file work_0.cif (mmCIF, C-alpha atoms and all ligand atoms)
data_query
loop_
_atom_site.label_atom_id
_atom_site.label_comp_id
_atom_site.auth_asym_id
_atom_site.auth_seq_id
_atom_site.Cartn_x
_atom_site.Cartn_y
_atom_site.Cartn_z
CA MET A 1 115.32 58.57 102.42
CA THR A 2 115.52 55.12 100.85
CA GLU A 3 117.62 52.38 102.43
CA HIS A 4 119.92 52.38 99.39
CA ALA A 5 120.59 56.12 99.42
CA SER A 6 121.41 56.12 103.13
CA SER A 7 124.17 53.53 102.63
CA LEU A 8 126.19 55.57 100.11
CA ARG A 9 128.23 58.78 100.46
CA ILE A 10 130.23 60.63 97.82
CA GLY A 11 133.21 62.87 98.57
CA HIS A 12 135.19 65.31 96.44
CA GLY A 13 138.77 66.34 97.14
CA TYR A 14 140.71 69.09 95.40
CA ASP A 15 144.28 70.28 95.80
CA LEU A 16 146.73 72.56 94.06
CA HIS A 17 150.40 73.12 94.74
CA ARG A 18 152.57 75.78 93.20
CA LEU A 19 155.65 74.34 91.41
CA GLU A 20 159.02 76.03 91.85
CA PRO A 21 162.64 75.10 91.08
CA LEU A 22 164.00 72.58 93.55
CA ALA A 23 165.87 73.86 96.60
CA PRO A 24 168.29 75.54 97.01
CA GLU A 25 167.50 77.55 93.81
CA GLY A 26 163.80 77.70 94.68
CA ARG A 27 161.38 76.46 97.32
CA GLY A 28 160.28 73.34 95.45
CA ARG A 29 160.46 69.96 97.15
CA PRO A 30 161.21 66.73 95.28
CA PHE A 31 158.10 66.15 93.12
CA ILE A 32 156.13 63.31 94.74
CA LEU A 33 152.63 62.60 93.45
CA GLY A 34 150.57 59.59 94.47
CA GLY A 35 153.63 58.30 96.29
CA VAL A 36 155.65 58.27 93.04
CA ARG A 37 158.73 60.44 92.53
CA LEU A 38 158.46 62.40 89.26
CA GLU A 39 161.62 63.51 87.47
CA HIS A 40 161.26 67.26 86.97
CA SER A 41 163.29 70.42 87.51
CA LEU A 42 160.35 71.84 89.50
CA GLY A 43 158.61 70.55 92.61
CA PRO A 44 155.72 71.47 94.88
CA VAL A 45 155.96 74.25 97.43
CA SER A 46 154.52 72.69 100.57
CA HIS A 47 154.78 72.34 104.30
CA SER A 48 154.43 68.55 104.02
CA ASP A 49 156.00 66.46 101.24
CA GLY A 50 153.53 68.20 98.89
CA ASP A 51 151.81 65.11 97.50
CA ALA A 52 148.75 66.82 96.01
CA LEU A 53 147.16 63.51 94.97
CA TYR A 54 147.32 62.05 98.49
CA HIS A 55 146.00 65.36 99.85
CA ALA A 56 143.01 65.31 97.49
CA VAL A 57 142.27 61.64 98.31
CA THR A 58 142.40 62.53 102.01
CA ASP A 59 139.91 65.38 101.56
CA ALA A 60 137.59 63.23 99.41
CA LEU A 61 137.44 60.59 102.18
CA LEU A 62 136.84 63.17 104.91
CA GLY A 63 134.46 65.23 102.81
CA ALA A 64 132.17 62.28 102.11
CA LEU A 65 131.33 62.17 105.82
CA ALA A 66 131.42 65.95 106.44
CA MET A 67 134.44 65.46 108.70
CA PRO A 68 137.05 68.19 109.34
CA ASP A 69 139.24 68.63 106.26
CA ILE A 70 142.99 68.07 105.87
CA GLY A 71 143.80 71.69 106.69
CA GLN A 72 141.85 71.48 109.93
CA LEU A 73 143.35 68.13 110.99
CA PHE A 74 146.92 68.92 109.96
CA PRO A 75 147.43 72.71 110.03
CA ASN A 76 150.40 73.91 107.99
CA THR A 77 151.41 76.08 110.95
CA ASP A 78 152.24 72.94 112.98
CA PRO A 79 155.99 72.19 112.75
CA ARG A 80 155.27 68.49 113.41
CA HIS A 81 153.99 68.23 109.83
CA ASP A 82 157.09 69.77 108.25
CA ASN A 83 158.19 67.45 105.42
CA GLU A 84 155.55 64.90 106.53
CA ASP A 85 154.95 61.86 104.35
CA SER A 86 151.41 62.57 103.09
CA SER A 87 150.42 58.90 103.39
CA VAL A 88 150.09 59.73 107.12
CA TYR A 89 147.16 62.07 106.28
CA LEU A 90 145.53 59.54 103.98
CA LEU A 91 145.75 56.76 106.57
CA GLU A 92 144.35 59.01 109.31
CA ALA A 93 141.37 59.86 107.08
CA LEU A 94 140.85 56.16 106.33
CA LYS A 95 140.95 55.35 110.06
CA ARG A 96 138.28 57.98 110.78
CA VAL A 97 136.10 56.74 107.91
CA ARG A 98 136.33 53.14 109.13
CA GLU A 99 135.68 54.10 112.75
CA ALA A 100 132.50 55.84 111.57
CA GLY A 101 131.39 52.56 109.96
CA TRP A 102 132.14 53.32 106.30
CA THR A 103 134.52 51.94 103.70
CA PRO A 104 135.71 53.39 100.36
CA THR A 105 134.42 51.43 97.37
CA ASN A 106 135.99 53.32 94.47
CA LEU A 107 137.98 56.45 93.65
CA ASP A 108 138.42 58.39 90.42
CA CYS A 109 141.34 60.83 90.39
CA THR A 110 142.24 63.48 87.78
CA ILE A 111 145.68 65.10 87.76
CA ILE A 112 146.11 68.31 85.76
CA LEU A 113 149.80 68.74 85.05
CA GLU A 114 151.51 70.22 82.01
CA THR A 115 154.75 68.28 82.40
CA PRO A 116 156.02 65.63 83.04
CA LYS A 117 153.51 63.20 81.56
CA VAL A 118 151.47 61.24 84.11
CA GLY A 119 150.72 58.31 81.79
CA PRO A 120 153.93 56.33 82.42
CA VAL A 121 153.57 56.52 86.22
CA LYS A 122 149.84 56.42 86.86
CA LEU A 123 149.78 52.65 87.42
CA GLY A 124 152.25 53.13 90.27
CA MET A 125 150.04 55.86 91.75
CA ARG A 126 146.97 53.60 91.52
CA GLN A 127 148.88 50.76 93.18
CA ASN A 128 150.03 53.02 96.02
CA ILE A 129 146.52 54.37 96.72
CA ALA A 130 144.92 50.92 96.46
CA ARG A 131 147.50 49.48 98.87
CA LEU A 132 147.07 52.27 101.42
CA LEU A 133 143.27 52.05 101.30
CA GLY A 134 143.17 48.24 101.21
CA MET A 135 141.22 48.29 97.92
CA ASP A 136 141.45 46.28 94.72
CA LEU A 137 143.40 48.02 91.95
CA ASP A 138 140.38 48.10 89.62
CA ARG A 139 138.57 50.34 92.11
CA VAL A 140 141.19 53.11 91.94
CA ASN A 141 141.55 55.16 88.76
CA VAL A 142 144.08 57.90 87.96
CA LYS A 143 143.83 60.08 84.84
CA GLY A 144 146.34 62.65 83.63
CA LYS A 145 145.42 65.76 81.66
CA THR A 146 147.23 68.90 80.62
CA HIS A 147 145.73 72.38 80.91
CA GLU A 148 146.35 73.03 77.19
CA GLY A 149 148.91 75.73 77.95
CA VAL A 150 146.20 77.95 79.45
CA ASP A 151 146.80 80.02 82.60
CA ALA A 152 149.28 79.24 85.38
CA VAL A 153 148.58 75.49 85.47
CA GLY A 154 149.02 75.34 81.71
CA GLN A 155 152.31 77.20 82.02
CA GLY A 156 153.56 74.45 84.33
CA LEU A 157 153.54 76.64 87.43
CA ALA A 158 151.21 74.39 89.45
CA VAL A 159 149.83 70.87 89.76
CA GLU A 160 146.11 70.45 90.31
CA VAL A 161 144.20 67.32 91.42
CA HIS A 162 140.51 66.38 91.70
CA VAL A 163 139.32 63.18 93.37
CA VAL A 164 135.86 61.73 93.82
CA CYS A 165 135.36 58.83 96.21
CA LEU A 166 132.32 56.70 96.94
CA LEU A 167 131.85 55.26 100.43
CA VAL A 168 129.52 52.44 101.44
CA LYS A 169 128.28 51.47 104.89
CA ALA A 170 130.68 48.80 106.06
MG MG A 201 148.08 70.06 99.54
#
call {"tool": "encode", "arguments": {"input": "work_0.cif", "output": "structure tokens"}}
result
Amino acid sequence: MTEHASSLRIGHGYDLHRLEPLAPEGRGRPFILGGVRLEHSLGPVSHSDGDALYHAVTDALLGALAMPDIGQLFPNTDPRHDNEDSSVYLLEALKRVREAGWTPTNLDCTIILETPKVGPVKLGMRQNIARLLGMDLDRVNVKGKTHEGVDAVGQGLAVEVHVVCLLVKA
């Protein structure tokens, strides 16, 4: 392996949360994504606060180093994580990455959500992730896409997120 290749790692994180009417009508929680509160009649069904973007970032960081994933570190059967602020997961992943001698250098995030539109709030999501990870804003990207009305995501019944993250040897 070349010196260059051994100093880079890539991670992919994926998450999906079902969206339901907000409690008490349904089991949806207030819709928080990338630390930003979205105005919507539906919200994620989740044990934690249901922030699918923070969950996918967490798994991208951990996955890059083949570390235990978010479900292994924070099992949804553990009542301590009920209604947990998902930034806790992200910061724990960052701590483990740094302790292993690595640092995130850039992230590219794709949110697939039929409604509401991500465009007006994606800067706030980028700022939140950059702040938590201690990165410059131009190293964190967030894109919003719809699912073109196709299948359950396209019918607005779920939010889906993909994240890729590059780590470098610190
Ligand atoms: Mg999740």
call {"tool": "closest_atom_pairs", "arguments": {"input": "work_0.cif", "of": "chain A", "to": "ligand MG 201 (chain A)", "cutoff": "7 Å", "atoms": "all atoms listed in the file", "output": "Markdown table"}}
result
| residue | atom | partner | partner_atom | distance |
| --- | --- | --- | --- | --- |
| A:Asp15 | CA | A:MG201 | MG | 5.3 |
| A:Leu16 | CA | A:MG201 | MG | 6.2 |
| A:His17 | CA | A:MG201 | MG | 6.1 |
| A:Gly50 | CA | A:MG201 | MG | 5.8 |
| A:Asp51 | CA | A:MG201 | MG | 6.5 |
| A:Ala52 | CA | A:MG201 | MG | 4.8 |
| A:His55 | CA | A:MG201 | MG | 5.1 |
call {"tool": "atom_distance", "arguments": {"input": "work_0.cif", "atom1": "CA of Gly13 (chain A)", "atom2": "CA of Val164 (chain A)"}}
result
6.4 Å
call {"tool": "closest_residue", "arguments": {"input": "work_0.cif", "among": "A:Met135, A:Leu123, A:Leu19, A:Val168", "to": "Val153 (chain A)", "atoms": "all atoms listed in the file"}}
result
A:Leu19
call {"tool": "atom_distance", "arguments": {"input": "work_0.cif", "atom1": "CA of Leu8 (chain A)", "atom2": "CA of Leu62 (chain A)"}}
result
13.9 Å
call {"tool": "atom_distance", "arguments": {"input": "work_0.cif", "atom1": "CA of Gly35 (chain A)", "atom2": "CA of Pro120 (chain A)"}}
result
14.0 Å
call {"tool": "residues_around", "arguments": {"input": "work_0.cif", "residues": "Gly119 (chain A)", "least_positions_apart": "4", "cutoff": "12 Å", "atoms": "only C-alpha atoms", "output": "list in words"}}
result
Leu38, Thr110, Ile111, Ile112, Leu113, Glu114, Thr115, Leu123, Gly124, Met125, Arg126, Asn141, Val142, Lys143, Gly144, Lys145 and Thr146 of chain A
call {"tool": "closest_residue", "arguments": {"input": "work_0.cif", "among": "A:Glu92, A:Asp151, A:Asp85, A:Glu20", "to": "Val36 (chain A)", "atoms": "only C-alpha atoms"}}
result
A:Asp85
call {"tool": "closest_residue", "arguments": {"input": "work_0.cif", "among": "A:Thr58, A:Ser41, A:Ser87, A:Asn128", "to": "Leu73 (chain A)", "atoms": "only C-alpha atoms"}}
result
A:Thr58
call {"tool": "residues_around", "arguments": {"input": "work_0.cif", "residues": "region 64-69 of chain A", "least_positions_apart": "3", "cutoff": "7 Å", "atoms": "all atoms listed in the file", "output": "list in words"}}
result
Arg9, Ile10, Gly11, Asp59, Ala60, Leu61, Gln72 and Leu73 of chain A
call {"tool": "closest_residue", "arguments": {"input": "work_0.cif", "among": "A:Ala130, A:Gly34, A:Asp82, A:Glu148", "to": "Leu107 (chain A)", "atoms": "all atoms listed in the file"}}
result
A:Ala130
call {"tool": "closest_residue", "arguments": {"input": "work_0.cif", "among": "A:Arg37, A:Gly134, A:Leu167, A:Phe31", "to": "Ser6 (chain A)", "atoms": "only C-alpha atoms"}}
result
A:Leu167
call {"tool": "closest_residue", "arguments": {"input": "work_0.cif", "among": "A:Leu53, A:Val97, A:Val45, A:Leu90", "to": "Arg131 (chain A)", "atoms": "all atoms listed in the file"}}
result
A:Leu90
call {"tool": "residues_near_point", "arguments": {"input": "work_0.cif", "point": "(150.7, 66.2, 109.5)", "cutoff": "8 Å", "atoms": "all atoms listed in the file", "output": "PyMOL selection string"}}
result
chain A and resi 48+73-76+78+80-82+84-86+88-89
call {"tool": "residues_around", "arguments": {"input": "work_0.cif", "residues": "Val163 (chain A)", "least_positions_apart": "2", "cutoff": "6 Å", "atoms": "all atoms listed in the file", "output": "JSON, numbers by chain"}}
result
{"A": [12, 13, 56, 57, 108, 109]}
call {"tool": "residues_near_point", "arguments": {"input": "work_0.cif", "point": "(153.7, 73.0, 91.2)", "cutoff": "6 Å", "atoms": "all atoms listed in the file", "output": "list in words"}}
result
His17, Arg18, Leu19, Gly43, Pro44, Leu157, Ala158 and Val159 of chain A
